[in-house]
>>> print(open('upload.csv').read())   # CSV, C-alpha atoms and all ligand atoms
chain,number,residue,atom,x,y,z
A,1,MET,CA,87.7,8.7,1.9
A,2,GLN,CA,86.2,12.2,2.4
A,3,TYR,CA,85.8,14.5,-0.6
A,4,THR,CA,84.5,18.0,-1.1
A,5,VAL,CA,82.8,18.6,-4.4
A,6,THR,CA,81.7,22.1,-5.6
A,7,VAL,CA,78.5,21.6,-7.5
A,8,LEU,CA,77.5,24.1,-10.1
A,9,PRO,CA,74.1,23.3,-11.7
A,10,GLY,CA,74.1,26.5,-13.8
A,11,ASP,CA,71.3,27.2,-16.3
A,12,GLY,CA,68.7,25.5,-18.5
A,13,ILE,CA,68.9,21.7,-18.1
A,14,GLY,CA,71.9,22.2,-15.8
A,15,PRO,CA,69.9,21.6,-12.6
A,16,ASP,CA,68.0,18.6,-14.1
A,17,ILE,CA,71.2,16.7,-15.0
A,18,ILE,CA,73.3,17.7,-12.1
A,19,ARG,CA,70.6,16.4,-9.7
A,20,GLU,CA,71.0,13.0,-11.2
A,21,ALA,CA,74.8,13.0,-11.3
A,22,VAL,CA,74.9,14.0,-7.6
A,23,GLN,CA,72.6,11.1,-6.7
A,24,VAL,CA,74.9,8.8,-8.6
A,25,VAL,CA,78.0,10.1,-6.8
A,26,GLU,CA,76.2,9.7,-3.4
A,27,ARG,CA,75.2,6.2,-4.3
A,28,VAL,CA,78.8,5.2,-5.3
A,29,GLY,CA,80.0,6.8,-2.1
A,30,ARG,CA,77.7,4.6,0.0
A,31,LYS,CA,78.7,1.5,-1.9
A,32,PHE,CA,82.5,2.1,-1.6
A,33,GLY,CA,82.6,3.9,1.8
A,34,HIS,CA,83.3,7.5,0.7
A,35,HIS,CA,81.8,10.6,2.2
A,36,PHE,CA,81.0,13.6,0.1
A,37,THR,CA,80.4,17.2,1.1
A,38,PHE,CA,78.7,19.0,-1.8
A,39,GLU,CA,79.0,22.7,-1.9
A,40,GLU,CA,76.4,24.0,-4.3
A,41,ARG,CA,77.3,27.4,-5.8
A,42,LEU,CA,76.0,29.8,-8.4
A,43,ILE,CA,77.4,30.1,-11.9
A,44,GLY,CA,76.2,31.5,-15.3
A,45,GLY,CA,72.9,33.3,-15.9
A,46,VAL,CA,71.4,32.3,-12.5
A,47,ALA,CA,74.5,33.8,-10.8
A,48,TYR,CA,74.2,37.0,-12.9
A,49,ASP,CA,70.5,37.3,-12.0
A,50,GLN,CA,71.1,36.8,-8.3
A,51,THR,CA,74.4,38.6,-7.8
A,52,GLY,CA,75.1,40.8,-10.8
A,53,GLU,CA,78.1,38.7,-11.9
A,54,PRO,CA,78.2,35.3,-13.7
A,55,LEU,CA,81.1,34.0,-11.7
A,56,PRO,CA,80.8,35.2,-8.1
A,57,GLN,CA,84.0,35.1,-5.9
A,58,SER,CA,82.2,32.7,-3.5
A,59,THR,CA,81.9,30.2,-6.4
A,60,LEU,CA,85.6,30.5,-7.2
A,61,ASN,CA,86.6,30.2,-3.6
A,62,SER,CA,84.6,27.0,-3.2
A,63,ALA,CA,86.1,25.5,-6.3
A,64,LEU,CA,89.6,26.4,-5.3
A,65,HIS,CA,89.4,24.6,-2.0
A,66,SER,CA,87.4,21.6,-3.3
A,67,ASP,CA,88.7,18.2,-4.5
A,68,ALA,CA,86.7,18.5,-7.7
A,69,VAL,CA,84.0,20.6,-9.5
A,70,LEU,CA,80.9,19.2,-11.1
A,71,LEU,CA,79.2,21.5,-13.5
A,72,GLY,CA,75.9,21.3,-15.4
A,73,ALA,CA,75.8,23.9,-18.1
A,74,VAL,CA,75.5,27.7,-18.5
A,75,GLY,CA,73.8,30.1,-20.9
A,76,GLY,CA,70.5,30.6,-22.6
A,77,PRO,CA,68.6,33.2,-24.7
A,78,LYS,CA,67.6,35.1,-21.6
A,79,TRP,CA,71.3,36.4,-21.2
A,80,ASP,CA,72.2,36.6,-24.9
A,81,GLY,CA,71.9,40.4,-24.9
A,82,LEU,CA,74.5,40.9,-22.1
A,83,LYS,CA,78.0,42.4,-22.6
A,84,GLY,CA,80.7,39.8,-23.2
A,85,GLU,CA,82.1,39.7,-19.7
A,86,GLU,CA,78.6,39.6,-18.1
A,87,ARG,CA,77.5,36.6,-20.2
A,88,PRO,CA,77.2,33.1,-18.6
A,89,GLU,CA,79.7,31.7,-21.0
A,90,ALA,CA,82.3,34.2,-19.7
A,91,ALA,CA,81.9,32.5,-16.3
A,92,LEU,CA,82.8,29.2,-17.8
A,93,LEU,CA,86.0,30.5,-19.4
A,94,GLY,CA,86.7,32.4,-16.2
A,95,ILE,CA,86.6,29.3,-13.9
A,96,ARG,CA,88.6,27.2,-16.4
A,97,LYS,CA,91.3,29.9,-16.5
A,98,ALA,CA,91.2,30.5,-12.7
A,99,LEU,CA,91.7,26.8,-12.0
A,100,ASN,CA,94.3,26.5,-14.8
A,101,LEU,CA,92.4,23.7,-16.3
A,102,PHE,CA,94.3,23.6,-19.6
A,103,ALA,CA,93.5,20.0,-20.7
A,104,ASN,CA,90.0,19.2,-21.7
A,105,ILE,CA,89.6,15.4,-22.2
A,106,ARG,CA,86.5,14.5,-24.2
A,107,PRO,CA,86.1,10.8,-24.9
A,108,ALA,CA,83.6,9.8,-27.7
A,109,LYS,CA,82.5,6.2,-27.4
A,110,ILE,CA,79.8,4.3,-29.2
A,111,TYR,CA,77.9,2.0,-26.8
A,112,ARG,CA,77.2,-1.4,-28.2
A,113,SER,CA,73.5,-1.0,-27.4
A,114,LEU,CA,73.4,2.4,-29.2
A,115,ARG,CA,74.6,1.3,-32.6
A,116,ASP,CA,71.2,2.1,-34.0
A,117,ALA,CA,71.5,5.7,-32.9
A,118,CYS,CA,74.8,6.1,-34.9
A,119,PRO,CA,74.0,7.8,-38.2
A,120,LEU,CA,77.0,6.2,-39.9
A,121,ARG,CA,76.8,3.0,-42.0
A,122,PRO,CA,77.3,-0.1,-39.8
A,123,ASP,CA,80.3,-1.2,-41.9
A,124,ILE,CA,82.1,2.2,-41.1
A,125,ILE,CA,81.8,1.6,-37.4
A,126,GLY,CA,82.3,-2.2,-37.5
A,127,GLU,CA,81.8,-4.8,-34.8
A,128,ASP,CA,84.1,-3.4,-32.2
A,129,GLY,CA,82.4,0.1,-32.1
A,130,LEU,CA,84.3,3.4,-31.7
A,131,ASP,CA,86.4,4.8,-28.9
A,132,ILE,CA,88.3,8.0,-29.5
A,133,VAL,CA,89.3,10.9,-27.3
A,134,VAL,CA,89.6,14.6,-28.2
A,135,ILE,CA,92.3,16.4,-26.1
A,136,ARG,CA,91.3,20.0,-26.4
A,137,GLU,CA,93.5,22.9,-25.1
A,138,LEU,CA,91.2,24.8,-22.8
A,139,THR,CA,92.8,28.0,-21.4
A,140,GLY,CA,94.4,29.6,-24.5
A,141,GLY,CA,93.9,30.2,-28.2
A,142,ILE,CA,91.2,32.4,-29.7
A,143,TYR,CA,89.0,32.2,-26.6
A,144,PHE,CA,91.6,34.1,-24.6
A,145,GLY,CA,93.7,36.2,-27.0
A,146,PRO,CA,93.4,40.0,-27.3
A,147,ARG,CA,90.0,41.1,-28.6
A,148,LYS,CA,88.3,44.3,-29.4
A,149,ARG,CA,85.1,45.8,-30.9
A,150,GLU,CA,85.3,49.3,-32.1
A,151,ILE,CA,84.2,51.8,-34.7
A,152,ARG,CA,86.9,52.9,-37.1
A,153,ASP,CA,86.1,55.6,-39.6
A,154,GLY,CA,82.4,55.0,-39.0
A,155,VAL,CA,82.7,51.3,-39.7
A,156,GLU,CA,82.1,48.8,-36.8
A,157,MET,CA,84.8,46.2,-36.5
A,158,ALA,CA,85.9,43.4,-34.1
A,159,TYR,CA,88.7,41.0,-33.7
A,160,ASP,CA,89.7,38.0,-31.6
A,161,THR,CA,93.2,36.7,-31.7
A,162,MET,CA,94.3,33.0,-31.8
A,163,LEU,CA,97.4,33.2,-29.6
A,164,TYR,CA,99.5,30.4,-28.2
A,165,ASN,CA,102.9,30.3,-26.7
A,166,GLU,CA,105.1,27.2,-27.0
A,167,ASN,CA,104.7,26.2,-23.3
A,168,GLU,CA,100.9,26.1,-23.7
A,169,ILE,CA,101.3,23.9,-26.7
A,170,ARG,CA,104.0,21.6,-25.1
A,171,ARG,CA,101.9,20.8,-22.0
A,172,ILE,CA,98.8,19.9,-23.9
A,173,ALA,CA,100.9,17.8,-26.4
A,174,HIS,CA,102.3,15.8,-23.4
A,175,VAL,CA,98.8,15.1,-22.2
A,176,ALA,CA,97.8,13.8,-25.6
A,177,PHE,CA,100.9,11.5,-26.0
A,178,GLN,CA,100.5,10.2,-22.4
A,179,SER,CA,96.9,9.4,-23.1
A,180,ALA,CA,97.9,7.7,-26.4
A,181,ARG,CA,100.4,5.5,-24.4
A,182,LYS,CA,97.5,4.2,-22.3
A,183,ARG,CA,95.4,3.6,-25.5
A,184,ASN,CA,96.3,2.7,-29.0
A,185,HIS,CA,99.6,4.7,-29.4
A,186,LEU,CA,98.3,7.0,-32.1
A,187,VAL,CA,97.9,10.8,-32.0
A,188,THR,CA,96.4,12.9,-34.7
A,189,ASN,CA,97.2,16.6,-34.4
A,190,VAL,CA,94.6,18.9,-35.9
A,191,ASP,CA,95.5,22.4,-36.9
A,192,LYS,CA,95.3,24.9,-39.8
A,193,ALA,CA,99.0,25.1,-40.4
A,194,ASN,CA,98.5,25.7,-44.2
A,195,VAL,CA,97.1,29.1,-43.3
A,196,LEU,CA,97.7,30.2,-39.7
A,197,GLU,CA,101.0,31.1,-38.2
A,198,VAL,CA,99.8,30.0,-34.8
A,199,SER,CA,99.1,26.6,-36.2
A,200,ARG,CA,102.6,26.4,-37.7
A,201,LEU,CA,104.1,27.0,-34.2
A,202,TRP,CA,101.6,24.5,-32.8
A,203,ARG,CA,102.6,21.8,-35.3
A,204,LYS,CA,106.3,22.4,-34.7
A,205,VAL,CA,106.0,22.1,-30.9
A,206,VAL,CA,103.8,19.0,-31.2
A,207,MET,CA,106.5,17.4,-33.5
A,208,GLU,CA,109.2,18.2,-30.9
A,209,VAL,CA,107.2,16.7,-28.1
A,210,ALA,CA,106.6,13.6,-30.2
A,211,LYS,CA,110.3,12.8,-30.2
A,212,GLU,CA,109.9,12.0,-26.5
A,213,TYR,CA,107.3,9.3,-27.4
A,214,PRO,CA,108.9,7.2,-30.1
A,215,ASP,CA,106.3,4.4,-29.3
A,216,VAL,CA,103.4,6.7,-30.4
A,217,THR,CA,102.6,7.4,-34.0
A,218,LEU,CA,101.9,11.0,-34.8
A,219,ASN,CA,100.1,12.3,-37.9
A,220,HIS,CA,98.6,15.7,-38.8
A,221,LEU,CA,95.4,16.8,-40.4
A,222,TYR,CA,94.1,20.3,-41.3
A,223,VAL,CA,90.9,21.0,-39.3
A,224,ASP,CA,88.7,21.1,-42.4
A,225,ASN,CA,89.8,17.7,-43.5
A,226,ALA,CA,89.6,16.4,-39.9
A,227,ALA,CA,86.0,17.4,-39.7
A,228,MET,CA,85.3,15.5,-42.9
A,229,GLN,CA,87.4,12.4,-41.9
A,230,LEU,CA,85.5,12.2,-38.6
A,231,VAL,CA,82.3,11.3,-40.3
A,232,ARG,CA,84.0,9.5,-43.3
A,233,ASP,CA,86.2,7.1,-41.3
A,234,PRO,CA,86.2,7.9,-37.6
A,235,LYS,CA,88.1,4.6,-36.8
A,236,GLN,CA,91.3,6.1,-38.2
A,237,PHE,CA,91.5,8.2,-34.9
A,238,ASP,CA,92.6,7.3,-31.4
A,239,VAL,CA,93.7,10.5,-29.7
A,240,ILE,CA,93.0,13.8,-31.4
A,241,VAL,CA,95.0,16.8,-30.0
A,242,THR,CA,93.9,20.3,-31.0
A,243,GLY,CA,93.4,23.9,-29.9
A,244,ASN,CA,90.6,25.4,-27.9
A,245,CYS,CA,88.2,26.4,-30.8
A,246,PHE,CA,88.9,23.5,-33.1
A,247,GLY,CA,88.4,21.1,-30.2
A,248,ASP,CA,85.1,22.6,-29.2
A,249,ILE,CA,83.7,22.1,-32.7
A,250,LEU,CA,85.2,18.6,-33.4
A,251,SER,CA,84.0,17.2,-30.1
A,252,ASP,CA,80.4,18.3,-30.8
A,253,GLU,CA,80.8,16.6,-34.2
A,254,ALA,CA,82.2,13.4,-32.7
A,255,SER,CA,79.3,13.3,-30.2
A,256,GLN,CA,76.8,12.9,-33.1
A,257,ILE,CA,78.6,9.8,-34.3
A,258,THR,CA,77.9,8.3,-30.9
A,259,GLY,CA,74.2,9.0,-31.2
A,260,SER,CA,73.7,12.1,-29.1
A,261,ILE,CA,75.5,15.0,-27.5
A,262,GLY,CA,73.7,13.9,-24.3
A,263,MET,CA,76.1,11.0,-24.0
A,264,LEU,CA,79.5,12.8,-24.0
A,265,PRO,CA,81.3,13.6,-20.8
A,266,SER,CA,84.5,15.6,-20.2
A,267,ALA,CA,87.2,16.2,-17.7
A,268,SER,CA,89.2,19.4,-17.5
A,269,MET,CA,92.5,19.1,-15.7
A,270,GLY,CA,95.5,21.2,-14.8
A,271,GLU,CA,98.8,20.3,-13.2
A,272,GLY,CA,97.3,18.8,-10.0
A,273,ALA,CA,94.4,16.6,-9.0
A,274,LEU,CA,91.7,19.3,-9.0
A,275,GLY,CA,89.5,19.0,-12.0
A,276,MET,CA,86.2,20.2,-13.4
A,277,PHE,CA,83.8,17.7,-14.8
A,278,GLU,CA,81.0,18.6,-17.2
A,279,PRO,CA,79.1,17.3,-20.1
A,280,ILE,CA,80.2,18.7,-23.4
A,281,HIS,CA,76.8,19.9,-24.3
A,282,GLY,CA,75.2,23.2,-23.3
A,283,SER,CA,72.1,24.2,-21.4
A,284,ALA,CA,69.6,23.0,-24.0
A,285,PRO,CA,67.0,25.7,-23.3
A,286,ASP,CA,64.6,24.0,-25.6
A,287,ILE,CA,64.1,21.1,-23.2
A,288,ALA,CA,65.0,22.7,-19.8
A,289,GLY,CA,62.9,21.7,-16.8
A,290,GLN,CA,60.9,19.2,-18.9
A,291,ASP,CA,62.4,16.0,-17.6
A,292,LYS,CA,63.6,15.3,-21.1
A,293,ALA,CA,67.4,15.9,-20.9
A,294,ASN,CA,69.7,12.9,-21.1
A,295,PRO,CA,71.7,12.9,-17.8
A,296,ILE,CA,74.2,10.3,-19.0
A,297,ALA,CA,76.9,12.8,-20.2
A,298,THR,CA,76.9,14.4,-16.7
A,299,ILE,CA,76.8,11.0,-14.9
A,300,LEU,CA,79.8,9.8,-17.1
A,301,SER,CA,81.5,13.1,-16.2
A,302,ALA,CA,81.1,12.2,-12.6
A,303,ALA,CA,82.7,8.8,-13.4
A,304,MET,CA,85.6,10.8,-14.9
A,305,MET,CA,85.9,12.7,-11.6
A,306,PHE,CA,86.5,9.5,-9.8
A,307,THR,CA,89.3,8.6,-12.3
A,308,TYR,CA,91.0,11.9,-12.8
A,309,SER,CA,90.6,13.8,-9.5
A,310,PHE,CA,90.2,10.9,-7.0
A,311,GLY,CA,92.2,8.1,-8.7
A,312,LYS,CA,89.4,5.7,-7.9
A,313,LEU,CA,89.1,3.5,-11.0
A,314,GLU,CA,86.8,0.9,-9.5
A,315,GLU,CA,84.2,3.5,-8.6
A,316,ALA,CA,84.4,5.0,-12.1
A,317,ALA,CA,84.1,1.6,-13.7
A,318,CYS,CA,81.1,0.9,-11.6
A,319,ILE,CA,79.3,4.0,-12.9
A,320,GLU,CA,80.2,3.2,-16.5
A,321,LYS,CA,79.0,-0.4,-16.1
A,322,ALA,CA,75.7,0.8,-14.6
A,323,VAL,CA,75.2,3.1,-17.6
A,324,ASP,CA,76.0,0.3,-20.0
A,325,GLU,CA,73.6,-2.1,-18.3
A,326,VAL,CA,70.7,0.4,-18.3
A,327,LEU,CA,71.2,1.0,-22.0
A,328,GLU,CA,71.6,-2.7,-22.7
A,329,ALA,CA,68.2,-3.2,-20.9
A,330,GLY,CA,66.7,-0.9,-23.5
A,331,TYR,CA,66.0,2.3,-21.5
A,332,ARG,CA,66.5,5.5,-23.5
A,333,THR,CA,65.9,9.2,-23.1
A,334,ALA,CA,64.3,10.9,-26.1
A,335,ASP,CA,67.6,11.9,-27.8
A,336,ILE,CA,68.7,8.3,-28.1
A,337,TRP,CA,65.4,6.5,-28.4
A,338,SER,CA,64.7,4.1,-31.2
A,339,GLU,CA,61.9,1.6,-32.0
A,340,GLY,CA,61.4,-1.1,-29.4
A,341,CYS,CA,63.2,0.8,-26.6
A,342,THR,CA,61.6,2.1,-23.4
A,343,LEU,CA,61.3,5.9,-23.3
A,344,VAL,CA,62.3,7.4,-19.9
A,345,GLY,CA,62.8,10.9,-18.6
A,346,THR,CA,65.8,12.5,-16.9
A,347,ARG,CA,64.8,11.4,-13.4
A,348,GLN,CA,64.0,7.8,-14.3
A,349,MET,CA,67.2,7.4,-16.2
A,350,GLY,CA,69.1,8.7,-13.2
A,351,GLN,CA,67.2,6.4,-10.9
A,352,LEU,CA,67.8,3.3,-13.1
A,353,ILE,CA,71.5,4.0,-13.1
A,354,CYS,CA,71.5,4.4,-9.3
A,355,GLU,CA,69.7,1.1,-8.9
A,356,ARG,CA,72.2,-0.7,-11.2
A,357,ILE,CA,75.1,0.7,-9.1
A,358,GLU,CA,73.6,-0.9,-6.0
A,359,ALA,CA,73.1,-4.2,-7.8
A,360,ILE,CA,76.5,-4.5,-9.4
A,401,LIG,N1,79.5,23.8,-21.1
A,401,LIG,C1,78.5,24.6,-21.2
A,401,LIG,O1,78.0,25.1,-20.2
A,401,LIG,C2,77.9,24.9,-22.6
A,401,LIG,C3,78.3,24.2,-23.7
A,401,LIG,C4,77.7,24.5,-24.9
A,401,LIG,C5,76.8,25.5,-25.0
A,401,LIG,N2,76.5,26.2,-23.9
A,401,LIG,C6,75.5,27.3,-23.9
A,401,LIG,O2,74.2,26.6,-23.9
A,401,LIG,C7,73.2,27.4,-24.6
A,401,LIG,C8,72.6,26.6,-25.7
A,401,LIG,O3,73.5,26.2,-26.7
A,401,LIG,P1,73.2,25.3,-27.9
A,401,LIG,O4,71.8,25.2,-28.2
A,401,LIG,O5,74.1,25.8,-29.0
A,401,LIG,O6,73.8,23.9,-27.6
A,401,LIG,P2,73.3,22.8,-26.6
A,401,LIG,O7,74.3,21.7,-26.4
A,401,LIG,O8,72.7,23.4,-25.3
A,401,LIG,O9,72.0,22.1,-27.4
A,401,LIG,C9,72.1,21.7,-28.7
A,401,LIG,C10,71.0,20.6,-29.0
A,401,LIG,O10,71.3,19.4,-28.3
A,401,LIG,C11,70.3,19.1,-27.4
A,401,LIG,N3,70.9,18.6,-26.2
A,401,LIG,C12,71.9,19.1,-25.5
A,401,LIG,N4,72.2,18.5,-24.4
A,401,LIG,C13,71.2,17.5,-24.3
A,401,LIG,C14,70.9,16.4,-23.4
A,401,LIG,N5,71.7,16.3,-22.3
A,401,LIG,N6,69.9,15.6,-23.6
A,401,LIG,C15,69.2,15.8,-24.8
A,401,LIG,N7,69.4,16.7,-25.7
A,401,LIG,C16,70.4,17.6,-25.5
A,401,LIG,C17,69.5,20.4,-27.2
A,401,LIG,O11,68.2,20.1,-26.8
A,401,LIG,C18,69.7,21.1,-28.5
A,401,LIG,O12,68.7,20.6,-29.4
A,401,LIG,C19,74.0,28.6,-25.2
A,401,LIG,O13,73.8,29.7,-24.3
A,401,LIG,C20,75.5,28.1,-25.2
A,401,LIG,O14,76.4,29.2,-25.1
A,401,LIG,C21,77.0,26.0,-22.7
A,402,LIG,C1,79.7,27.6,-23.7
A,402,LIG,C2,81.1,27.7,-24.4
A,402,LIG,C3,81.9,28.8,-23.8
A,402,LIG,C4,81.8,26.3,-24.2
A,402,LIG,C5,83.1,26.4,-25.0
A,402,LIG,O1,83.1,26.8,-26.2
A,402,LIG,O2,84.1,25.9,-24.5
A,402,LIG,C6,81.1,25.1,-24.7
A,402,LIG,O3,80.7,25.1,-26.1
A,402,LIG,C7,81.8,23.8,-24.4
A,402,LIG,O4,82.1,23.0,-25.3
A,402,LIG,O5,82.1,23.6,-23.2
A,403,MG,MG,81.1,23.3,-27.1
>>> encode(input="upload.csv", output="structure tokens")
Amino acid sequence: MQYTVTVLPGDGIGPDIIREAVQVVERVGRKFGHHFTFEERLIGGVAYDQTGEPLPQSTLNSALHSDAVLLGAVGGPKWDGLKGEERPEAALLGIRKALNLFANIRPAKIYRSLRDACPLRPDIIGEDGLDIVVIRELTGGIYFGPRKREIRDGVEMAYDTMLYNENEIRRIAHVAFQSARKRNHLVTNVDKANVLEVSRLWRKVVMEVAKEYPDVTLNHLYVDNAAMQLVRDPKQFDVIVTGNCFGDILSDEASQITGSIGMLPSASMGEGALGMFEPIHGSAPDIAGQDKANPIATILSAAMMFTYSFGKLEEAACIEKAVDEVLEAGYRTADIWSEGCTLVGTRQMGQLICERIEAI
């Protein structure tokens, strides 16, 4: 097959990790007979520096006619002083919205070989490890509601609004229930319905959608309790469905259970096959350009691209197996390193995974 992929390295460690993911995609392409055209475009702080806008039209145009988008990360202290709409983060929200990528799928899995990196007691995780997925609504909620900053009667004030309509809730709920059907038939809805009106609507709609999935068990948690339960007893979860802001926070929390945020991939999907694939972490300015970043989250995001945008499950499985085998062989970047393991940099980790792909 022939695929066009828009590649957006972005800022900080973005270029470091994307370079490795692109090599992995090329290697998988050679193995399985696919040809890739990579269109590298600007996004985030680097785009702002070069063009005056964080999300140039040429980037959007490329993404819109591609089969998939692979993104590194955006942002960093250099751009923290910019106005909201000029910030690198605004570009990320802008591209998600422009491509209507309302469903953000964030799996959190503990690799057998990384049990030592999990900060929870071994009896909490158990023999069979952990495998949960956060389904985060991505194009609505407080990230996109009306906002303002102004001075009233000499006092500076600001607001953001958590706004959802029933259609936005319904479609993300369907994604969650469908995902649960392929997994362990359990959905936990996370909201703040004891306080927020928007959460009461959210919960009502999720319960309505649940009626179409009688084979899936639905339960509800308030987000504060959910944050606590995630570290107390993460195995009670299978699929978590939640809004944009709560999902952002809970998925970072879930990542730590797996050992490192450098391990967690994501897929952002809309109604069709076009998706954007990015690690859940940010641009990690503290380690950018030092060959220290863990590229696995981005490489696993590329695996999700094969599954979700291309429908190529064998190719995705090959990448996941290669990652698993490299970890089993004891290679670790600094964020997941433990005694007795071999410390490697970003490039070597990418290279090792490419070699395994060839050998599998
Ligand atoms: N999707 C995105 O592009 C995205 C996501 C989150 C944050 N950000 C932006 O990134 C910038 C930095 O944000 P932050 O520091 O809050 O979060 P971050 O995720 O960039 O970093 C948090 C910590 O995790 C470490 N880390 C992150 N990814 C890693 C990797 N692959 N390997 C090893 N260690 C890794 C970092 O070194 C840092 O100590 C901010 O401008 C923020 O807005 C972007
Ligand atoms: C950088 C920021 C806009 C982004 C978000 O909050 O969605 C990030 O934290 C993420 O998780 O992808
Ligand atoms: Mg985040």
>>> residues_around(input="upload.csv", residues="Gly275 (chain A)", least_positions_apart="6", cutoff="8 Å", atoms="all atoms listed in the file", output="ChimeraX atom specification")
/A:67-69,101,267-269,305,308-309
>>> residues_around(input="upload.csv", residues="region 33-48 of chain A", least_positions_apart="6", cutoff="9 Å", atoms="only C-alpha atoms", output="PyMOL selection string")
chain A and resi 1-11+22+25-26+54-56+58-60+62-63+66+71+73-76+78-79+86-92
>>> residues_near_ligand(input="upload.csv", ligand="ligand LIG 401 (chain A)", cutoff="9 Å", atoms="only C-alpha atoms and all ligand atoms", output="PDB file with C-alpha atoms, in the coordinates of the input")
ATOM      1  CA  GLY A  10      74.100  26.500 -13.800  1.00  0.00           C
ATOM      2  CA  ASP A  11      71.300  27.200 -16.300  1.00  0.00           C
ATOM      3  CA  GLY A  12      68.700  25.500 -18.500  1.00  0.00           C
ATOM      4  CA  ILE A  13      68.900  21.700 -18.100  1.00  0.00           C
ATOM      5  CA  GLY A  14      71.900  22.200 -15.800  1.00  0.00           C
ATOM      6  CA  ILE A  17      71.200  16.700 -15.000  1.00  0.00           C
ATOM      7  CA  GLY A  44      76.200  31.500 -15.300  1.00  0.00           C
ATOM      8  CA  LEU A  71      79.200  21.500 -13.500  1.00  0.00           C
ATOM      9  CA  GLY A  72      75.900  21.300 -15.400  1.00  0.00           C
ATOM     10  CA  ALA A  73      75.800  23.900 -18.100  1.00  0.00           C
ATOM     11  CA  VAL A  74      75.500  27.700 -18.500  1.00  0.00           C
ATOM     12  CA  GLY A  75      73.800  30.100 -20.900  1.00  0.00           C
ATOM     13  CA  GLY A  76      70.500  30.600 -22.600  1.00  0.00           C
ATOM     14  CA  PRO A  77      68.600  33.200 -24.700  1.00  0.00           C
ATOM     15  CA  LYS A  78      67.600  35.100 -21.600  1.00  0.00           C
ATOM     16  CA  TRP A  79      71.300  36.400 -21.200  1.00  0.00           C
ATOM     17  CA  ASP A  80      72.200  36.600 -24.900  1.00  0.00           C
ATOM     18  CA  ARG A  87      77.500  36.600 -20.200  1.00  0.00           C
ATOM     19  CA  PRO A  88      77.200  33.100 -18.600  1.00  0.00           C
ATOM     20  CA  GLU A  89      79.700  31.700 -21.000  1.00  0.00           C
ATOM     21  CA  LEU A  92      82.800  29.200 -17.800  1.00  0.00           C
ATOM     22  CA  ASP A 248      85.100  22.600 -29.200  1.00  0.00           C
ATOM     23  CA  ASP A 252      80.400  18.300 -30.800  1.00  0.00           C
ATOM     24  CA  SER A 260      73.700  12.100 -29.100  1.00  0.00           C
ATOM     25  CA  ILE A 261      75.500  15.000 -27.500  1.00  0.00           C
ATOM     26  CA  GLY A 262      73.700  13.900 -24.300  1.00  0.00           C
ATOM     27  CA  MET A 263      76.100  11.000 -24.000  1.00  0.00           C
ATOM     28  CA  LEU A 264      79.500  12.800 -24.000  1.00  0.00           C
ATOM     29  CA  GLU A 278      81.000  18.600 -17.200  1.00  0.00           C
ATOM     30  CA  PRO A 279      79.100  17.300 -20.100  1.00  0.00           C
ATOM     31  CA  ILE A 280      80.200  18.700 -23.400  1.00  0.00           C
ATOM     32  CA  HIS A 281      76.800  19.900 -24.300  1.00  0.00           C
ATOM     33  CA  GLY A 282      75.200  23.200 -23.300  1.00  0.00           C
ATOM     34  CA  SER A 283      72.100  24.200 -21.400  1.00  0.00           C
ATOM     35  CA  ALA A 284      69.600  23.000 -24.000  1.00  0.00           C
ATOM     36  CA  PRO A 285      67.000  25.700 -23.300  1.00  0.00           C
ATOM     37  CA  ASP A 286      64.600  24.000 -25.600  1.00  0.00           C
ATOM     38  CA  ILE A 287      64.100  21.100 -23.200  1.00  0.00           C
ATOM     39  CA  ALA A 288      65.000  22.700 -19.800  1.00  0.00           C
ATOM     40  CA  LYS A 292      63.600  15.300 -21.100  1.00  0.00           C
ATOM     41  CA  ALA A 293      67.400  15.900 -20.900  1.00  0.00           C
ATOM     42  CA  ASN A 294      69.700  12.900 -21.100  1.00  0.00           C
ATOM     43  CA  PRO A 295      71.700  12.900 -17.800  1.00  0.00           C
ATOM     44  CA  ILE A 296      74.200  10.300 -19.000  1.00  0.00           C
ATOM     45  CA  ALA A 297      76.900  12.800 -20.200  1.00  0.00           C
ATOM     46  CA  THR A 298      76.900  14.400 -16.700  1.00  0.00           C
ATOM     47  CA  THR A 333      65.900   9.200 -23.100  1.00  0.00           C
ATOM     48  CA  ALA A 334      64.300  10.900 -26.100  1.00  0.00           C
ATOM     49  CA  ASP A 335      67.600  11.900 -27.800  1.00  0.00           C
ATOM     50  CA  ILE A 336      68.700   8.300 -28.100  1.00  0.00           C
ATOM     51  CA  THR A 346      65.800  12.500 -16.900  1.00  0.00           C
TER      52      THR A 346
END
>>> closest_residue(input="upload.csv", among="A:Lys192, A:Lys204, A:Arg136, A:Arg171", to="ligand LIG 402 (chain A)", atoms="only C-alpha atoms and all ligand atoms")
A:Arg136
>>> residues_around(input="upload.csv", residues="region 352-357 of chain A", least_positions_apart="2", cutoff="10 Å", atoms="all atoms listed in the file", output="JSON, numbers by chain")
{"A": [20, 21, 23, 24, 25, 26, 27, 28, 31, 296, 299, 315, 318, 319, 320, 321, 322, 323, 324, 325, 326, 327, 331, 344, 347, 348, 349, 350, 359, 360]}
>>> closest_residue(input="upload.csv", among="A:Gly154, A:Gly340, A:Gly243, A:Gly29", to="Arg170 (chain A)", atoms="all atoms listed in the file")
A:Gly243
>>> residues_around(input="upload.csv", residues="Asn100 (chain A)", least_positions_apart="2", cutoff="12 Å", atoms="all atoms listed in the file", output="ChimeraX atom specification")
/A:63-64,93-98,102-104,137-140,168,171,268-276
>>> closest_residue(input="upload.csv", among="A:Phe306, A:Phe32, A:Phe277, A:Phe237", to="Asn184 (chain A)", atoms="only C-alpha atoms")
A:Phe237
